[in-house]
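Have a look at target-v6.cif; it's mmCIF, C-alpha atoms and all ligand atoms:
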```cif
data_start
#
loop_
_atom_site.label_atom_id
_atom_site.label_comp_id
_atom_site.auth_asym_id
_atom_site.auth_seq_id
_atom_site.Cartn_x
_atom_site.Cartn_y
_atom_site.Cartn_z
CA MET L 957 0.00 0.00 0.00
CA ALA L 958 1.15 3.58 -0.66
CA SER L 959 2.96 5.24 2.22
CA VAL L 960 1.46 8.04 4.27
CA THR L 961 0.83 11.09 2.11
CA VAL L 962 -1.92 12.87 3.96
CA ALA L 963 -1.36 16.30 5.34
CA TRP L 964 -4.09 18.30 7.05
CA GLU L 965 -3.15 21.77 8.21
CA ARG L 966 -5.28 22.50 11.24
CA ASN L 967 -4.46 25.02 13.92
CA GLY L 968 -0.92 24.92 12.72
CA GLN L 969 -0.72 21.14 13.28
CA MET L 970 -0.05 18.71 10.51
CA GLU L 971 -2.37 15.67 10.42
CA THR L 972 -1.54 12.64 8.36
CA ALA L 973 -3.51 9.59 7.23
CA ASP L 974 -3.46 6.88 4.59
CA VAL L 975 -7.18 6.45 3.99
CA VAL L 976 -10.07 8.92 4.15
CA ILE L 977 -13.53 7.41 4.62
CA ILE L 978 -16.50 9.60 3.69
CA GLY L 979 -19.52 8.74 5.82
CA GLY L 980 -19.96 7.75 9.46
CA GLY L 981 -22.74 5.18 9.23
CA VAL L 982 -22.30 1.56 10.20
CA ILE L 983 -20.43 0.85 6.96
CA GLY L 984 -17.91 3.68 7.37
CA VAL L 985 -17.13 2.83 11.00
CA SER L 986 -16.82 -0.89 10.23
CA ILE L 987 -14.34 -0.11 7.46
CA ALA L 988 -12.40 2.20 9.79
CA TYR L 989 -12.29 -0.50 12.49
CA HIS L 990 -11.17 -3.26 10.13
CA LEU L 991 -8.51 -0.97 8.61
CA THR L 992 -7.07 -0.42 12.08
CA LEU L 993 -6.99 -4.21 12.64
CA LYS L 994 -4.97 -4.46 9.45
CA LYS L 995 -2.60 -1.73 10.65
CA ALA L 996 -3.48 0.31 7.59
CA GLY L 997 -1.74 3.43 8.85
CA ARG L 998 -3.55 6.68 9.54
CA VAL L 999 -7.27 6.35 8.95
CA VAL L 1000 -9.54 9.42 8.94
CA LEU L 1001 -13.34 9.13 8.85
CA LEU L 1002 -15.35 12.24 8.02
CA GLU L 1003 -19.05 12.47 8.86
CA LYS L 1004 -20.97 15.57 7.85
CA GLY L 1005 -23.38 15.33 10.80
CA GLN L 1006 -23.31 12.89 13.68
CA LEU L 1007 -22.24 9.26 13.49
CA GLY L 1008 -25.19 7.10 12.48
CA GLU L 1009 -27.52 9.95 11.61
CA GLY L 1010 -28.12 8.56 8.11
CA SER L 1011 -29.83 5.24 7.41
CA THR L 1012 -28.09 3.42 10.24
CA SER L 1013 -30.08 5.03 13.05
CA ARG L 1014 -33.33 4.41 11.15
CA CYS L 1015 -32.74 0.75 10.46
CA ALA L 1016 -34.82 -2.13 11.84
CA GLY L 1017 -31.71 -4.13 12.76
CA GLY L 1018 -32.74 -7.31 10.92
CA ILE L 1019 -30.08 -10.01 10.43
CA ARG L 1020 -30.89 -13.00 8.27
CA THR L 1021 -29.25 -15.82 6.38
CA GLN L 1022 -32.31 -16.47 4.22
CA PHE L 1023 -31.24 -14.75 1.00
CA SER L 1024 -31.76 -15.97 -2.53
CA THR L 1025 -28.26 -15.30 -3.93
CA GLU L 1026 -25.03 -16.99 -2.92
CA ILE L 1027 -23.09 -13.76 -2.44
CA ASN L 1028 -25.65 -12.37 0.02
CA ILE L 1029 -25.73 -15.65 1.94
CA ARG L 1030 -21.93 -15.72 2.15
CA PHE L 1031 -21.96 -12.12 3.38
CA SER L 1032 -24.50 -13.06 6.05
CA LEU L 1033 -22.56 -16.13 7.22
CA GLU L 1034 -19.35 -14.12 7.55
CA SER L 1035 -21.10 -11.24 9.30
CA LEU L 1036 -22.80 -13.59 11.75
CA LYS L 1037 -19.38 -14.64 13.04
CA THR L 1038 -18.76 -11.03 14.07
CA PHE L 1039 -22.23 -10.51 15.56
CA GLU L 1040 -21.76 -13.68 17.64
CA ARG L 1041 -18.47 -12.54 19.17
CA PHE L 1042 -19.17 -8.81 19.04
CA LYS L 1043 -19.12 -8.26 22.79
CA GLU L 1044 -15.82 -10.07 23.32
CA GLU L 1045 -14.22 -8.38 20.33
CA LEU L 1046 -15.61 -4.87 20.71
CA GLY L 1047 -16.70 -4.62 24.33
CA ILE L 1048 -20.31 -3.63 23.58
CA ASP L 1049 -23.32 -5.95 23.66
CA PRO L 1050 -24.90 -5.73 20.20
CA GLU L 1051 -28.24 -6.90 21.66
CA PHE L 1052 -28.37 -9.69 19.07
CA ARG L 1053 -31.70 -11.47 19.58
CA ARG L 1054 -32.13 -14.72 17.69
CA ILE L 1055 -35.88 -14.68 17.32
CA GLY L 1056 -35.78 -16.26 13.85
CA TYR L 1057 -37.16 -15.05 10.52
CA LEU L 1058 -40.36 -16.54 9.14
CA PHE L 1059 -41.05 -15.93 5.43
CA LEU L 1060 -44.64 -16.49 4.28
CA ALA L 1061 -45.59 -17.35 0.69
CA THR L 1062 -49.12 -16.71 -0.52
CA SER L 1063 -48.83 -17.37 -4.28
CA ASP L 1064 -47.79 -20.53 -6.11
CA ARG L 1065 -44.88 -18.67 -7.68
CA GLU L 1066 -43.62 -17.46 -4.30
CA TRP L 1067 -43.90 -20.95 -2.87
CA GLU L 1068 -41.91 -22.33 -5.80
CA VAL L 1069 -39.21 -19.69 -5.36
CA PHE L 1070 -39.01 -20.34 -1.61
CA ARG L 1071 -38.43 -24.02 -2.31
CA GLU L 1072 -35.68 -23.18 -4.78
CA ASN L 1073 -34.09 -20.76 -2.30
CA ILE L 1074 -34.04 -23.32 0.46
CA GLY L 1075 -31.99 -25.64 -1.77
CA LEU L 1076 -29.29 -22.98 -2.11
CA GLN L 1077 -29.49 -22.03 1.57
CA LYS L 1078 -29.12 -25.64 2.74
CA ARG L 1079 -26.21 -26.23 0.36
CA LEU L 1080 -24.45 -23.34 2.10
CA GLY L 1081 -25.13 -24.90 5.51
CA ILE L 1082 -28.07 -22.84 6.72
CA PRO L 1083 -30.53 -24.69 8.97
CA VAL L 1084 -33.71 -23.47 7.25
CA GLU L 1085 -36.99 -25.30 7.62
CA LEU L 1086 -39.56 -25.57 4.85
CA LEU L 1087 -42.98 -25.46 6.49
CA ASP L 1088 -46.41 -26.21 5.09
CA SER L 1089 -49.35 -24.04 6.04
CA GLN L 1090 -50.61 -26.52 8.66
CA GLU L 1091 -47.31 -26.45 10.50
CA ILE L 1092 -47.16 -22.65 10.35
CA GLY L 1093 -50.70 -22.39 11.76
CA LYS L 1094 -49.76 -24.75 14.57
CA ARG L 1095 -46.57 -22.93 15.56
CA TRP L 1096 -47.88 -19.37 15.21
CA PRO L 1097 -51.65 -19.58 15.80
CA TYR L 1098 -52.15 -15.79 15.80
CA LEU L 1099 -51.46 -15.63 12.01
CA ARG L 1100 -54.25 -15.49 9.46
CA MET L 1101 -53.68 -18.64 7.44
CA ASP L 1102 -56.38 -18.97 4.77
CA ASP L 1103 -54.19 -17.65 1.91
CA ILE L 1104 -50.82 -19.05 3.01
CA ARG L 1105 -49.18 -21.67 0.77
CA GLY L 1106 -46.23 -22.30 3.04
CA GLY L 1107 -43.12 -20.69 4.43
CA THR L 1108 -39.52 -20.95 5.52
CA PHE L 1109 -38.11 -20.43 8.98
CA CYS L 1110 -34.55 -20.08 10.24
CA SER L 1111 -34.08 -19.82 13.99
CA ARG L 1112 -30.52 -18.44 13.61
CA ASP L 1113 -31.85 -15.18 12.14
CA GLY L 1114 -32.91 -12.24 14.27
CA TYR L 1115 -32.06 -8.63 14.88
CA ALA L 1116 -29.53 -6.48 16.71
CA GLY L 1117 -29.16 -2.88 17.83
CA PRO L 1118 -27.91 -0.53 15.11
CA SER L 1119 -26.65 2.06 17.59
CA GLU L 1120 -24.85 -0.61 19.67
CA VAL L 1121 -23.15 -2.05 16.58
CA LEU L 1122 -22.23 1.41 15.30
CA SER L 1123 -20.83 2.42 18.70
CA GLY L 1124 -18.88 -0.83 18.96
CA PHE L 1125 -17.16 -0.38 15.61
CA ALA L 1126 -16.56 3.33 16.21
CA ALA L 1127 -15.02 2.67 19.63
CA GLY L 1128 -12.90 -0.14 18.17
CA ALA L 1129 -11.73 2.12 15.35
CA ARG L 1130 -10.82 4.90 17.79
CA ARG L 1131 -8.93 2.45 20.02
CA GLY L 1132 -7.03 1.32 16.95
CA GLY L 1133 -6.00 4.90 16.22
CA ALA L 1134 -8.53 5.97 13.58
CA ARG L 1135 -9.57 9.63 13.70
CA ILE L 1136 -13.32 10.01 13.54
CA ARG L 1137 -14.54 13.53 12.87
CA GLU L 1138 -18.18 14.52 13.08
CA GLY L 1139 -19.59 17.71 11.59
CA VAL L 1140 -17.10 17.65 8.71
CA GLU L 1141 -18.69 17.52 5.27
CA VAL L 1142 -16.62 16.51 2.31
CA THR L 1143 -17.34 19.10 -0.38
CA GLY L 1144 -14.93 17.90 -3.04
CA ILE L 1145 -12.82 14.90 -4.00
CA LEU L 1146 -9.43 15.85 -5.39
CA THR L 1147 -8.13 13.96 -8.40
CA LYS L 1148 -5.11 14.16 -10.65
CA GLU L 1149 -4.26 12.11 -13.75
CA GLY L 1150 -6.82 9.40 -13.02
CA LYS L 1151 -5.96 9.10 -9.34
CA VAL L 1152 -7.61 10.29 -6.18
CA THR L 1153 -5.37 12.71 -4.35
CA GLY L 1154 -7.54 13.72 -1.43
CA VAL L 1155 -10.67 15.48 -0.25
CA ARG L 1156 -11.81 19.04 0.35
CA THR L 1157 -13.76 20.03 3.44
CA LYS L 1158 -14.74 23.40 4.87
CA GLU L 1159 -11.93 22.92 7.34
CA GLY L 1160 -9.34 22.42 4.65
CA GLU L 1161 -8.01 19.93 2.17
CA ILE L 1162 -6.67 16.51 3.04
CA SER L 1163 -4.45 14.81 0.54
CA ALA L 1164 -4.80 11.04 0.56
CA PRO L 1165 -4.11 8.20 -1.89
CA VAL L 1166 -7.25 6.29 -0.93
CA VAL L 1167 -10.76 7.72 -0.46
CA VAL L 1168 -13.70 5.45 0.42
CA ASN L 1169 -17.27 6.35 -0.53
CA ALA L 1170 -19.37 5.17 2.44
CA GLY L 1171 -22.08 7.77 1.86
CA GLY L 1172 -25.08 5.43 2.21
CA PRO L 1173 -28.09 6.96 0.42
CA TYR L 1174 -25.84 9.91 -0.58
CA ALA L 1175 -23.45 7.61 -2.46
CA ALA L 1176 -24.33 9.10 -5.86
CA GLN L 1177 -23.73 12.62 -4.54
CA VAL L 1178 -20.39 11.58 -3.07
CA GLY L 1179 -19.52 10.00 -6.44
CA GLU L 1180 -20.35 13.30 -8.17
CA LEU L 1181 -17.77 15.02 -5.97
CA ALA L 1182 -15.22 12.86 -7.78
CA GLY L 1183 -16.91 13.41 -11.15
CA VAL L 1184 -18.12 9.79 -11.40
CA LYS L 1185 -21.52 8.10 -11.51
CA VAL L 1186 -22.46 5.74 -8.69
CA PRO L 1187 -25.87 4.23 -9.47
CA VAL L 1188 -27.50 4.38 -6.04
CA LYS L 1189 -31.01 5.74 -5.49
CA PRO L 1190 -32.43 6.82 -2.12
CA LEU L 1191 -35.86 5.25 -1.50
CA ARG L 1192 -37.81 6.17 1.61
CA ARG L 1193 -39.07 3.41 3.90
CA GLN L 1194 -41.37 4.11 6.81
CA ILE L 1195 -41.54 2.19 10.09
CA PHE L 1196 -44.17 2.26 12.84
CA ILE L 1197 -44.08 1.13 16.46
CA THR L 1198 -47.12 0.08 18.43
CA ALA L 1199 -47.88 0.94 22.03
CA PRO L 1200 -47.25 -2.02 24.41
CA PHE L 1201 -49.27 -4.98 23.16
CA HIS L 1202 -49.44 -8.63 24.18
CA LEU L 1203 -49.88 -11.02 21.25
CA SER L 1204 -48.66 -14.37 22.47
CA ASP L 1205 -46.65 -16.04 25.23
CA GLN L 1206 -44.70 -17.91 22.59
CA PRO L 1207 -41.54 -16.53 20.95
CA ILE L 1208 -42.55 -14.39 17.94
CA PRO L 1209 -40.18 -14.34 14.96
CA LEU L 1210 -39.61 -11.49 12.54
CA THR L 1211 -42.40 -12.43 10.15
CA ILE L 1212 -42.48 -11.45 6.51
CA ASP L 1213 -45.58 -11.42 4.39
CA PHE L 1214 -43.62 -11.58 1.16
CA HIS L 1215 -46.48 -10.78 -1.18
CA ARG L 1216 -47.44 -7.63 0.68
CA GLY L 1217 -43.82 -6.60 1.21
CA TRP L 1218 -44.71 -6.23 4.87
CA TYR L 1219 -43.08 -7.46 8.07
CA PHE L 1220 -43.35 -7.17 11.82
CA ARG L 1221 -41.30 -8.15 14.82
CA PRO L 1222 -41.45 -7.63 18.58
CA GLU L 1223 -40.00 -4.30 19.77
CA VAL L 1224 -39.69 -3.85 23.53
CA ASP L 1225 -43.28 -4.38 24.84
CA GLY L 1226 -44.94 -3.72 21.49
CA PHE L 1227 -44.24 -4.40 17.82
CA LEU L 1228 -42.36 -2.86 14.95
CA LEU L 1229 -44.50 -2.77 11.79
CA SER L 1230 -43.03 -1.99 8.39
CA GLY L 1231 -44.57 0.71 6.28
CA PRO L 1232 -44.26 1.08 2.52
CA LEU L 1233 -41.11 1.51 0.47
CA ASP L 1234 -41.39 4.52 -1.86
CA ARG L 1235 -41.23 3.88 -5.59
CA GLU L 1236 -39.77 7.27 -6.48
CA PRO L 1237 -36.31 8.28 -5.27
CA GLY L 1238 -35.96 11.24 -2.94
CA PHE L 1239 -34.60 12.44 0.37
CA ASN L 1240 -37.95 13.05 2.09
CA LEU L 1241 -37.75 11.81 5.69
CA ASN L 1242 -41.29 12.63 6.80
CA ILE L 1243 -43.80 9.97 7.78
CA ASP L 1244 -47.26 10.21 6.28
CA TYR L 1245 -50.78 9.22 7.12
CA GLU L 1246 -51.24 6.91 4.08
CA ALA L 1247 -48.18 4.90 5.08
CA ARG L 1248 -49.50 4.51 8.60
CA VAL L 1249 -52.84 3.28 7.25
CA GLU L 1250 -51.09 0.82 4.94
CA ALA L 1251 -48.94 -0.53 7.79
CA SER L 1252 -52.04 -0.94 10.01
CA GLU L 1253 -54.06 -2.65 7.26
CA ASN L 1254 -51.29 -5.12 6.52
CA ALA L 1255 -50.91 -5.79 10.24
CA MET L 1256 -54.63 -6.40 10.85
CA PHE L 1257 -54.87 -8.57 7.76
CA ARG L 1258 -52.08 -10.96 8.72
CA VAL L 1259 -52.51 -10.80 12.51
CA PRO L 1260 -56.18 -10.12 13.23
CA ALA L 1261 -55.42 -9.52 16.94
CA PHE L 1262 -53.58 -6.34 15.91
CA GLU L 1263 -56.99 -4.70 15.49
CA LYS L 1264 -56.67 -3.82 19.15
CA ALA L 1265 -53.11 -2.49 18.87
CA GLN L 1266 -52.30 1.21 18.58
CA ILE L 1267 -49.53 2.85 16.67
CA ALA L 1268 -47.54 5.05 19.03
CA ARG L 1269 -44.83 6.48 16.81
CA GLY L 1270 -42.93 6.07 13.58
CA TRP L 1271 -40.03 7.26 11.50
CA ALA L 1272 -38.72 7.19 7.96
CA GLY L 1273 -35.31 6.33 6.58
CA LEU L 1274 -33.68 5.88 3.20
CA TYR L 1275 -32.73 2.64 1.50
CA GLU L 1276 -29.73 2.92 -0.79
CA ILE L 1277 -30.87 0.97 -3.82
CA SER L 1278 -28.55 -0.31 -6.56
CA PRO L 1279 -29.84 -1.41 -9.98
CA ASP L 1280 -29.81 -5.12 -9.02
CA ASN L 1281 -30.41 -4.75 -5.27
CA HIS L 1282 -26.90 -5.90 -4.42
CA ALA L 1283 -24.01 -3.98 -2.95
CA ILE L 1284 -21.49 -2.13 -5.11
CA LEU L 1285 -18.06 -2.84 -3.69
CA GLY L 1286 -14.51 -2.24 -4.80
CA PRO L 1287 -12.40 0.18 -6.81
CA PHE L 1288 -13.91 2.63 -9.25
CA PRO L 1289 -12.36 1.76 -12.64
CA GLY L 1290 -10.33 4.62 -14.10
CA LEU L 1291 -10.04 6.51 -10.81
CA GLU L 1292 -7.28 4.90 -8.81
CA GLY L 1293 -7.74 5.04 -5.06
CA PHE L 1294 -11.49 5.69 -5.13
CA ILE L 1295 -13.19 2.79 -3.36
CA LEU L 1296 -16.94 2.15 -3.30
CA ALA L 1297 -18.86 0.62 -0.37
CA ASN L 1298 -22.38 1.42 -1.51
CA GLY L 1299 -25.77 0.25 -2.71
CA PHE L 1300 -26.66 -2.19 0.07
CA SER L 1301 -30.30 -2.00 -0.92
CA GLY L 1302 -31.66 -2.37 2.60
CA HIS L 1303 -29.14 -4.93 3.93
CA GLY L 1304 -26.19 -2.77 4.88
CA PHE L 1305 -26.57 -3.10 8.62
CA GLN L 1306 -26.41 -6.90 8.69
CA HIS L 1307 -23.59 -7.02 6.16
CA SER L 1308 -21.53 -4.23 7.74
CA PRO L 1309 -19.09 -6.60 9.48
CA VAL L 1310 -18.01 -8.41 6.32
CA VAL L 1311 -18.05 -5.24 4.24
CA GLY L 1312 -15.62 -3.60 6.66
CA LYS L 1313 -13.42 -6.66 6.49
CA VAL L 1314 -13.31 -7.07 2.71
CA ILE L 1315 -12.78 -3.38 2.03
CA ALA L 1316 -9.91 -3.34 4.52
CA GLU L 1317 -8.43 -6.41 2.81
CA LEU L 1318 -8.76 -4.72 -0.57
CA ILE L 1319 -7.11 -1.50 0.57
CA THR L 1320 -4.24 -3.14 2.45
CA GLY L 1321 -3.65 -6.25 0.37
CA GLY L 1322 -4.94 -5.42 -3.09
CA ARG L 1323 -7.85 -7.88 -2.97
CA ALA L 1324 -10.60 -9.17 -0.74
CA THR L 1325 -9.85 -12.66 0.54
CA THR L 1326 -12.66 -13.40 3.04
CA VAL L 1327 -15.30 -13.30 0.31
CA ASP L 1328 -14.61 -12.68 -3.38
CA ILE L 1329 -16.19 -9.30 -4.12
CA ALA L 1330 -15.38 -9.24 -7.84
CA PRO L 1331 -19.05 -9.99 -8.73
CA LEU L 1332 -20.05 -6.85 -6.81
CA SER L 1333 -17.83 -4.53 -8.85
CA ILE L 1334 -19.53 -1.48 -10.36
CA GLU L 1335 -18.37 -2.71 -13.77
CA ARG L 1336 -21.09 -5.39 -13.69
CA PHE L 1337 -23.70 -2.83 -14.72
CA GLU L 1338 -21.84 -1.90 -17.92
CA LYS L 1339 -21.02 -5.51 -18.70
CA GLY L 1340 -24.60 -6.61 -18.06
CA ASP L 1341 -23.48 -9.05 -15.34
CA LEU L 1342 -26.24 -8.13 -12.92
CA ILE L 1343 -26.82 -10.42 -9.94
CA LEU L 1344 -30.34 -11.58 -10.48
CA GLU L 1345 -32.68 -12.70 -7.74
CA PRO L 1346 -35.44 -15.17 -8.66
CA MET L 1347 -37.93 -12.64 -7.27
CA THR L 1348 -37.36 -9.09 -6.14
CA ALA L 1349 -35.97 -9.64 -2.69
CA PHE L 1350 -38.03 -8.64 0.24
CA LYS L 1351 -36.47 -5.69 2.03
CA GLU L 1352 -36.27 -5.39 5.77
C1 LIG J 1401 -36.37 1.92 7.57
C2 LIG J 1401 -35.13 1.13 7.32
C3 LIG J 1401 -35.03 -0.17 7.79
C4 LIG J 1401 -33.88 -0.91 7.56
N1 LIG J 1401 -33.79 -2.16 8.07
C5 LIG J 1401 -32.67 -2.89 7.86
C6 LIG J 1401 -32.55 -4.18 8.43
O1 LIG J 1401 -33.46 -4.67 9.10
N2 LIG J 1401 -31.38 -4.86 8.22
C7 LIG J 1401 -30.35 -4.34 7.48
O2 LIG J 1401 -29.35 -5.01 7.30
N3 LIG J 1401 -30.45 -3.11 6.94
C8 LIG J 1401 -31.58 -2.38 7.11
N4 LIG J 1401 -31.68 -1.14 6.57
C9 LIG J 1401 -30.60 -0.65 5.72
C10 LIG J 1401 -29.45 -0.09 6.55
O3 LIG J 1401 -29.95 0.86 7.45
C11 LIG J 1401 -28.42 0.51 5.62
O4 LIG J 1401 -28.09 -0.42 4.61
C12 LIG J 1401 -27.14 0.88 6.38
O5 LIG J 1401 -27.43 1.65 7.52
C13 LIG J 1401 -26.21 1.63 5.45
O6 LIG J 1401 -25.17 2.15 6.22
P1 LIG J 1401 -24.21 3.23 5.59
O7 LIG J 1401 -23.13 3.48 6.57
O8 LIG J 1401 -23.83 2.83 4.20
O9 LIG J 1401 -25.15 4.51 5.40
P2 LIG J 1401 -25.60 5.63 6.43
O10 LIG J 1401 -25.90 5.11 7.76
O11 LIG J 1401 -26.64 6.45 5.75
O12 LIG J 1401 -24.28 6.50 6.56
C14 LIG J 1401 -23.83 7.33 5.51
C15 LIG J 1401 -23.30 8.59 6.17
O13 LIG J 1401 -22.61 9.36 5.19
C16 LIG J 1401 -22.72 10.71 5.60
N5 LIG J 1401 -22.36 11.54 4.45
C17 LIG J 1401 -22.99 11.58 3.26
N6 LIG J 1401 -22.38 12.49 2.45
C18 LIG J 1401 -21.32 12.98 3.15
C19 LIG J 1401 -20.30 13.95 2.86
N7 LIG J 1401 -20.25 14.58 1.68
N8 LIG J 1401 -19.38 14.20 3.81
C20 LIG J 1401 -19.43 13.57 5.01
N9 LIG J 1401 -20.36 12.68 5.35
C21 LIG J 1401 -21.29 12.38 4.42
C22 LIG J 1401 -24.19 10.81 6.02
O14 LIG J 1401 -24.41 11.92 6.87
C23 LIG J 1401 -24.42 9.48 6.71
O15 LIG J 1401 -24.30 9.57 8.12
C24 LIG J 1401 -32.80 -0.35 6.81
C25 LIG J 1401 -32.90 0.95 6.34
C26 LIG J 1401 -34.05 1.69 6.58
C27 LIG J 1401 -34.13 3.10 6.07
#
```
Starting from the file, lay out its structure as C-alpha cells.
Amino acid sequence: MASVTVAWERNGQMETADVVIIGGGVIGVSIAYHLTLKKAGRVVLLEKGQLGEGSTSRCAGGIRTQFSTEINIRFSLESLKTFERFKEELGIDPEFRRIGYLFLATSDREWEVFRENIGLQKRLGIPVELLDSQEIGKRWPYLRMDDIRGGTFCSRDGYAGPSEVLSGFAAGARRGGARIREGVEVTGILTKEGKVTGVRTKEGEISAPVVVNAGGPYAAQVGELAGVKVPVKPLRRQIFITAPFHLSDQPIPLTIDFHRGWYFRPEVDGFLLSGPLDREPGFNLNIDYEARVEASENAMFRVPAFEKAQIARGWAGLYEISPDNHAILGPFPGLEGFILANGFSGHGFQHSPVVGKVIAELITGGRATTVDIAPLSIERFEKGDLILEPMTAFKE
C-alpha cells in the first residue's frame, strides 16, 4: 500500500492519514475498524453530521441468512461470526436477539421460489426449515392462514441494535488509532491524472491516496464530488411502532408477508411494523398518514389480533438501492484510489461486518480474501453481469 501522504493543516498542526472514509454510518465505521486491525496506517473518517444519523439510526436491525443469492448468503454467514463474538471483540453488547425469521408465501410462484431458495441455503449450511401451512398455523396460531401456501423459517436469524453495533465499531476504530470527525462535510474529492489525491472540506483539504465512498443513500452525490456516476437511489421506507401490546406467550419471529412486502417483529413491549417503500427516489424523511394506514391494514390482515393495537410512533429512513439490489463494492475503474462501499439495498446493517473486512483487505492487500467481491464490482452494470434474484428480494 502507498505510504502516508496525507497532510491536514489544522491550527498549525499537521495531520496525516493513509485512507479517508466519507460517511460515518455503520459501513464507514466498520471499514475504519477493520482498517485499524490491518494496521493500515492513519485512517480518517469524516461524517458531515453525527455518526449514524443517516440510514443506520433508522434501520430495523434485521439479520438473516435467508437470502436468494449466494453472495448475500456468504456475506451473512461471515457477518454472523462477528455478531456472535461482538461483545468479546468490541466490548459492547450488540443486543443480538435470535428470534428467527419466518417468510410467508401466498402465491404458487412465491412458494416455488421459496423451495428453490431453500436448496441454495441448505447447500451453504443454513438450517432453514420448509414449512407447510398446517405447520405454520400450529406454531404461530395468531397468524391469518387462509391464503398461506407455506413458508420458511430459520431460527438463527434475528435482529440487533444498530446504535450498539455502530458504537462498537466506532469505539474499536478509535482504540485502533482511527480519527473520527463529526460535523465535517466533504465538499470535493481531489483527483489528478486518473488518481484520487484527497478530499476538500470546509476545514481544509486533506491529501490522501485512498478515499472510500461510504455515503449510504448519498453515495451518488459523493460519487459526483469525484466526477463519477455511482448508481444508487435513495428510497424512503417508513416504520411504525405500536404501544405495548401482548400477542402471544410464545416466541414471535420477525415475520415477513412476502407478497405484501410487509413485516413485523417484537419491539420492547410492542411491535415494529413496516410501512411502505417509496417507488420514487428522494430524500424526504417525513412519515405520512397513508403509510401509517397501509402498515395498520397489513398488520390487521395478517394478525387479526392487531386490530386492538395502537400505533404510538414512527419514523422514515432511506434505503440505498442499486440497480440489481446488491451492494457495489470495490475500486472505481479509471479513478485509482477511489473505493466504493455502496448500494446495500436495505441490507447494509447486517452485512456491515463483512463489508468492513473485505474493504480493509482490498485496501491493504490489493484484494478481498474473506469473500470474493469481484461480482459486486460497479463494472457489472456496464457488462450486463447483474446479480439476479429469482424474485425481487423482500427488504427489511
Ligand atoms: C427503515 C429502514 C429499515 C432498515 N432495516 C434494515 C434491516 O433490518 N437490516 C439491514 O441489514 N439493513 C436495514 N436497513 C438498511 C441499513 O440501514 C443501511 O443499509 C445501512 O445503515 C447503510 O449504512 P451506511 O453506513 O452505508 O449509510 P448511512 O448510515 O446512511 O451513513 C452514511 C453517512 O454518510 C454521511 N455523508 C454523506 N455524504 C457525506 C459527505 N459529503 N461528507 C461527510 N459525510 C457524508 C451521512 O451523513 C451518513 O451519516 C434499513 C434501512 C431503513 C431506512
What does the distance from atom CA of L:Tyr1245 to atom C1 of ligand LIG 1401 (chain J) come to in Å, to one decimal?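 Computing the Euclidean distance for atom CA of L:Tyr1245 and atom C1 of ligand LIG 1401 (chain J) yields 16.2 Å.
Going from atom CA of L:Gly1124 to atom CA of L:Leu1033 covers 19.6 Å.
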Kindly provide the residues of chain L that approach ligand LIG 1401 (chain J) to within 7 Å, each paired with its closest atom pair and their distance in Å to one decimal, based on all atoms listed in the file, listed by chain and increasing number, as a Markdown table.
```
| residue | atom | partner | partner_atom | distance |
| --- | --- | --- | --- | --- |
| L:Ile978 | CA | J:LIG1401 | C20 | 5.1 |
| L:Gly979 | CA | J:LIG1401 | O13 | 3.2 |
| L:Gly980 | CA | J:LIG1401 | C15 | 4.8 |
| L:Gly981 | CA | J:LIG1401 | O7 | 3.2 |
| L:Val982 | CA | J:LIG1401 | O7 | 4.2 |
| L:Ile983 | CA | J:LIG1401 | O7 | 3.8 |
| L:Gly984 | CA | J:LIG1401 | O7 | 5.3 |
| L:Leu1002 | CA | J:LIG1401 | C20 | 5.2 |
| L:Glu1003 | CA | J:LIG1401 | N9 | 3.8 |
| L:Lys1004 | CA | J:LIG1401 | C20 | 3.8 |
| L:Gly1005 | CA | J:LIG1401 | O14 | 5.3 |
| L:Gln1006 | CA | J:LIG1401 | O15 | 6.6 |
| L:Leu1007 | CA | J:LIG1401 | O15 | 5.8 |
| L:Gly1008 | CA | J:LIG1401 | O15 | 5.1 |
| L:Glu1009 | CA | J:LIG1401 | O15 | 4.8 |
| L:Gly1010 | CA | J:LIG1401 | O11 | 3.5 |
| L:Ser1011 | CA | J:LIG1401 | O11 | 3.8 |
| L:Thr1012 | CA | J:LIG1401 | O5 | 3.3 |
| L:Ser1013 | CA | J:LIG1401 | O10 | 6.7 |
| L:Arg1014 | CA | J:LIG1401 | C27 | 5.3 |
| L:Cys1015 | CA | J:LIG1401 | C4 | 3.5 |
| L:Ala1016 | CA | J:LIG1401 | N1 | 3.9 |
| L:Gly1017 | CA | J:LIG1401 | O1 | 4.1 |
| L:Gly1018 | CA | J:LIG1401 | O1 | 3.3 |
| L:Ile1019 | CA | J:LIG1401 | N2 | 5.8 |
| L:Val1140 | CA | J:LIG1401 | C20 | 6.0 |
| L:Glu1141 | CA | J:LIG1401 | N8 | 3.7 |
| L:Val1142 | CA | J:LIG1401 | N8 | 3.9 |
| L:Thr1143 | CA | J:LIG1401 | N7 | 5.8 |
| L:Ala1170 | CA | J:LIG1401 | O8 | 5.3 |
| L:Gly1171 | CA | J:LIG1401 | O13 | 3.7 |
| L:Gly1172 | CA | J:LIG1401 | O9 | 3.3 |
| L:Pro1173 | CA | J:LIG1401 | O11 | 5.5 |
| L:Tyr1174 | CA | J:LIG1401 | C17 | 5.1 |
| L:Ala1175 | CA | J:LIG1401 | C17 | 7.0 |
| L:Val1178 | CA | J:LIG1401 | N7 | 5.6 |
| L:Arg1192 | CA | J:LIG1401 | C27 | 6.5 |
| L:Arg1193 | CA | J:LIG1401 | C1 | 4.8 |
| L:Gln1194 | CA | J:LIG1401 | C1 | 5.5 |
| L:Ile1195 | CA | J:LIG1401 | C1 | 5.8 |
| L:Ala1272 | CA | J:LIG1401 | C1 | 5.8 |
| L:Gly1273 | CA | J:LIG1401 | C27 | 3.5 |
| L:Leu1274 | CA | J:LIG1401 | C27 | 4.0 |
| L:Tyr1275 | CA | J:LIG1401 | C27 | 4.8 |
| L:Glu1276 | CA | J:LIG1401 | O4 | 6.6 |
| L:Asn1298 | CA | J:LIG1401 | O8 | 6.1 |
| L:Phe1300 | CA | J:LIG1401 | O4 | 5.1 |
| L:Ser1301 | CA | J:LIG1401 | O4 | 6.2 |
| L:Gly1302 | CA | J:LIG1401 | C9 | 3.7 |
| L:His1303 | CA | J:LIG1401 | O2 | 3.4 |
| L:Gly1304 | CA | J:LIG1401 | O4 | 3.0 |
| L:Phe1305 | CA | J:LIG1401 | O2 | 3.6 |
| L:Gln1306 | CA | J:LIG1401 | O2 | 3.8 |
| L:His1307 | CA | J:LIG1401 | O2 | 6.2 |
| L:Glu1352 | CA | J:LIG1401 | O1 | 4.4 |
```
